[in-house]
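Peer 1: This is the structure I want to talk about, given as structure tokens.
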Amino acid sequence: MPRFFVLNGPNLNLLGKREPGIYGGHTLADIEALCVEAGARLGFTVDFRQTNHEGTLVDWMHEAQDAADGIAINAGAYTHTSIALHDAARAIRVPVVELHLSNVHAREAFRHHSYLAPAAKGVICGFGAQSYLLALQALQSLTQSAE
Ligand code: DHK
């Protein structure tokens with residue numbers, strides 16, 4: 001069964017309380033439960049993590065090289081600032097799908113650029129908690145087409 005890392009960056013531990021008009025009412029634990037349930041239904045396992053630290057995201061991406069079949073990542077604000085995450089995504093062979101709860105292109109200009117996107121297989125944004133499930137479905141389909 002494929003194993004996917006779902007990695008979450010800064011401030012996503014505050015979901016549910018943080019600007020719910022933008023990020024929705026689900027907590028991160030709610031979203032983890034939705035991802036794990038989707039895995040049980042569709043046939044993959046999920047290793048779901050959150051950190052507020054850029055280097056920890058880099059370490060987890062490296063770990064995925066041997067421990068996972070793909071990465072779905074909401075890097076939060078590091079999406080828009082981190083060359084280190086871009087380099088990490090390019091350095092590993094497992095596919096990376098960038099995701100966001102909000103439609104970053106309908107928000108402030110500084111959210112329109114992603115350092116991660118050029119190194120990712122694709123980007124999903126704007127569908128709230130559903131963005132996570134769509135990213136996992138994309139990873140599953142990439143894994144199946146690689147078989
Ligand atoms: C989450 C964040 O924390 C922001 O910094 C991004 C993203 C958008 C989201 O929509 O999930 O700009």
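Identifiers in the structure tokens: chain A, B, ... in order shown; residue index from 1 per chain; ligand index from 1 in order shown.
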Please find the residues contacting ligand 1 at a distance of at most 6 Å between atoms, with only C-alpha atoms and all ligand atoms counted, and report them as a VMD selection string.
Peer 2: chain A and resid 11 76 to 77 100 to 102 104 111
Peer 1: Keeping only N, CA, C and O atoms, write the selected residues as an mmCIF file, in the first residue's frame.
Peer 2:
```cif
data_model
loop_
_atom_site.group_PDB
_atom_site.id
_atom_site.type_symbol
_atom_site.label_atom_id
_atom_site.label_comp_id
_atom_site.auth_asym_id
_atom_site.auth_seq_id
_atom_site.Cartn_x
_atom_site.Cartn_y
_atom_site.Cartn_z
ATOM 1 N N ASN A 11 1.898 27.962 11.327
ATOM 2 C CA ASN A 11 0.588 28.509 11.714
ATOM 3 C C ASN A 11 -0.578 27.576 11.403
ATOM 4 O O ASN A 11 -1.720 27.862 11.787
ATOM 5 N N GLY A 76 2.490 26.539 4.047
ATOM 6 C CA GLY A 76 2.113 27.825 4.639
ATOM 7 C C GLY A 76 2.917 28.944 3.998
ATOM 8 O O GLY A 76 3.207 28.927 2.790
ATOM 9 N N ALA A 77 3.337 29.903 4.798
ATOM 10 C CA ALA A 77 4.038 31.072 4.260
ATOM 11 C C ALA A 77 5.400 30.718 3.665
ATOM 12 O O ALA A 77 5.921 31.466 2.822
ATOM 13 N N HIS A 100 -2.899 24.246 -0.906
ATOM 14 C CA HIS A 100 -3.318 25.322 -0.008
ATOM 15 C C HIS A 100 -4.816 25.233 0.221
ATOM 16 O O HIS A 100 -5.568 24.863 -0.691
ATOM 17 N N LEU A 101 -5.227 25.604 1.409
ATOM 18 C CA LEU A 101 -6.661 25.675 1.706
ATOM 19 C C LEU A 101 -7.326 26.797 0.911
ATOM 20 O O LEU A 101 -8.386 26.617 0.305
ATOM 21 N N SER A 102 -6.682 27.965 0.939
ATOM 22 C CA SER A 102 -7.269 29.140 0.293
ATOM 23 C C SER A 102 -6.793 29.232 -1.155
ATOM 24 O O SER A 102 -5.791 28.612 -1.530
ATOM 25 N N VAL A 104 -4.770 31.095 -3.163
ATOM 26 C CA VAL A 104 -3.726 32.101 -2.948
ATOM 27 C C VAL A 104 -3.703 33.146 -4.067
ATOM 28 O O VAL A 104 -3.274 34.279 -3.843
ATOM 29 N N ARG A 111 1.290 36.419 -2.110
ATOM 30 C CA ARG A 111 0.959 34.977 -2.075
ATOM 31 C C ARG A 111 0.882 34.372 -3.479
ATOM 32 O O ARG A 111 0.645 33.182 -3.638
#
```
Peer 1: Give me every strand (DSSP E or B) residue in chain A, going by DSSP on the backbone, as a PyMOL selection string.
Peer 2: chain A and resi 3-8+45-50+70-74+96-100+122-125
Peer 1: Taking the DSSP secondary structure from the backbone, can you list the residues of segment 27-94 of chain A that are helix (DSSP H, G or I), as a ChimeraX atom specification?
Peer 2: /A:28-42,54-67,76-80,83-91
Peer 1: Need to verify the contact set: Arg107 of chain A, 12 Å, only C-alpha atoms, exclusion of same-chain residues closer than 5 positions in sequence. Can you return it as a PyMOL selection string?
Peer 2: chain A and resi 22+102+112-113+125-126
Peer 1: Kindly provide the residues of segment 11-107 of chain A that approach segment 132-144 of chain A to within 8 Å, each paired with its closest atom pair and their distance in Å to one decimal, based on only C-alpha atoms, listed by chain and increasing number, as CSV.
Peer 2:
```
residue,atom,partner,partner_atom,distance
A:Ile31,CA,A:Tyr132,CA,7.7
A:Leu34,CA,A:Leu133,CA,7.7
A:Cys35,CA,A:Leu133,CA,6.3
A:Ala38,CA,A:Leu133,CA,7.2
A:Phe44,CA,A:Gln140,CA,7.7
A:Asp69,CA,A:Thr143,CA,7.1
A:Gly70,CA,A:Leu139,CA,6.2
A:Ile71,CA,A:Leu139,CA,7.6
A:Ala72,CA,A:Ala135,CA,6.0
A:Pro95,CA,A:Leu139,CA,7.3
A:Val96,CA,A:Leu139,CA,8.0
A:Val97,CA,A:Ala135,CA,6.2
A:Glu98,CA,A:Ala135,CA,7.6
A:Leu99,CA,A:Ala135,CA,6.7
A:His100,CA,A:Tyr132,CA,7.9
A:Leu101,CA,A:Tyr132,CA,7.9
```
Peer 1: Do you know which residues are at most 7 Å from segment 60-65 of chain A counting only C-alpha atoms, after dropping those on the same chain fewer than 6 positions away, and could you put them as a list in words?
Peer 2: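 That gives Ala88, Ile92, Arg93 and Val94 of chain A.
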Peer 1: Write out as a list in words which residues come within 9 Å of segment 115-121 of chain A when counting only C-alpha atoms, dropping same-chain ones fewer than 2 positions away.
Peer 2: Ala75, Tyr78, Thr79, His80, Thr81, Ser82, Ile83, Ala84, Leu85, His86, Asp87, Ala88, Ala89, Arg90, Pro95, Val96, Val97, Glu98, His113 and Val123 of chain A
Peer 1: Include N, CA and C atoms and write out the residues we just selected as a short mmCIF file (atom, residue, chain, number, x, y, z; two decimals), in the first residue's frame.
Peer 2:
```cif
data_model
loop_
_atom_site.label_atom_id
_atom_site.label_comp_id
_atom_site.auth_asym_id
_atom_site.auth_seq_id
_atom_site.Cartn_x
_atom_site.Cartn_y
_atom_site.Cartn_z
N ALA A 75 2.95 24.21 2.76
CA ALA A 75 4.11 24.81 3.42
C ALA A 75 3.78 26.16 4.06
N TYR A 78 6.00 29.59 4.06
CA TYR A 78 7.29 29.20 3.46
C TYR A 78 7.16 28.92 1.96
N THR A 79 5.95 28.63 1.51
CA THR A 79 5.70 28.49 0.07
C THR A 79 6.25 29.70 -0.68
N HIS A 80 6.04 30.87 -0.10
CA HIS A 80 6.31 32.12 -0.80
C HIS A 80 7.72 32.66 -0.53
N THR A 81 8.47 31.98 0.32
CA THR A 81 9.79 32.52 0.74
C THR A 81 10.95 31.54 0.61
N SER A 82 10.66 30.24 0.52
CA SER A 82 11.72 29.26 0.82
C SER A 82 12.37 28.63 -0.41
N ILE A 83 13.58 29.08 -0.69
CA ILE A 83 14.39 28.41 -1.72
C ILE A 83 14.81 27.03 -1.21
N ALA A 84 14.97 26.90 0.10
CA ALA A 84 15.35 25.60 0.68
C ALA A 84 14.30 24.52 0.39
N LEU A 85 13.03 24.87 0.44
CA LEU A 85 11.99 23.88 0.12
C LEU A 85 12.00 23.56 -1.38
N HIS A 86 12.24 24.56 -2.20
CA HIS A 86 12.37 24.32 -3.65
C HIS A 86 13.49 23.32 -3.90
N ASP A 87 14.65 23.58 -3.29
CA ASP A 87 15.81 22.70 -3.51
C ASP A 87 15.54 21.30 -2.99
N ALA A 88 14.87 21.19 -1.82
CA ALA A 88 14.57 19.87 -1.26
C ALA A 88 13.66 19.09 -2.20
N ALA A 89 12.64 19.76 -2.76
CA ALA A 89 11.72 19.07 -3.67
C ALA A 89 12.45 18.59 -4.92
N ARG A 90 13.43 19.38 -5.37
CA ARG A 90 14.20 18.98 -6.56
C ARG A 90 15.19 17.87 -6.24
N PRO A 95 7.30 12.17 -5.75
CA PRO A 95 6.54 13.32 -6.22
C PRO A 95 6.03 14.20 -5.08
N VAL A 96 6.02 15.50 -5.35
CA VAL A 96 5.55 16.50 -4.38
C VAL A 96 4.34 17.21 -4.98
N VAL A 97 3.25 17.27 -4.22
CA VAL A 97 2.09 18.07 -4.62
C VAL A 97 1.94 19.20 -3.61
N GLU A 98 1.99 20.42 -4.11
CA GLU A 98 1.79 21.61 -3.26
C GLU A 98 0.30 21.85 -3.09
N HIS A 113 3.25 34.19 -5.73
CA HIS A 113 4.47 33.49 -6.14
C HIS A 113 4.77 32.34 -5.18
N VAL A 123 -0.05 21.76 -8.32
CA VAL A 123 -0.50 22.61 -7.21
C VAL A 123 -2.02 22.56 -7.13
#
```
Peer 1: Pick the closest to Thr56 of chain A from A:Leu42, A:Asn8, A:Leu14, A:Ala68: which is it, counting only C-alpha atoms?
Peer 2: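 Using only C-alpha atoms, Thr56 of chain A sits closest to A:Asn8.
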Peer 1: Need the shell around Leu28 of chain A: protein/DNA/RNA residues with any atom at most 9 Å away, counting only C-alpha atoms. Skip same-chain ones fewer than 6 positions apart. Format as a list of chain:residue names?
Peer 2: A:Leu12, A:Asn13, A:Leu14, A:Leu15, A:Gly16, A:Gln50
Peer 1: Measure the distance from atom CA of Val6 of chain A to atom CA of Asn74 of chain A in Å and round it to one decimal.
Peer 2: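 Interatomic distance here is 8.0 Å.
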Peer 1: Enter the distance from atom CA of Gln130 of chain A to atom CA of Lys17 of chain A, in Å, rounded to one decimal.
Peer 2: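 Atom CA of Gln130 of chain A sits 18.2 Å away from atom CA of Lys17 of chain A.
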Peer 1: Could you check which of A:Ile73, A:Ala129, A:Ile124, A:Ala67 is closest to Ala29 of chain A, using only C-alpha atoms?
Peer 2: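 Looking at the shortest contact to Ala29 of chain A, the residue is A:Ala129.
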Peer 1: Please, what distance in Å, to one decimal, runs between atom CA of Pro10 of chain A and atom CA of Ala109 of chain A?
Peer 2: 19.3 Å
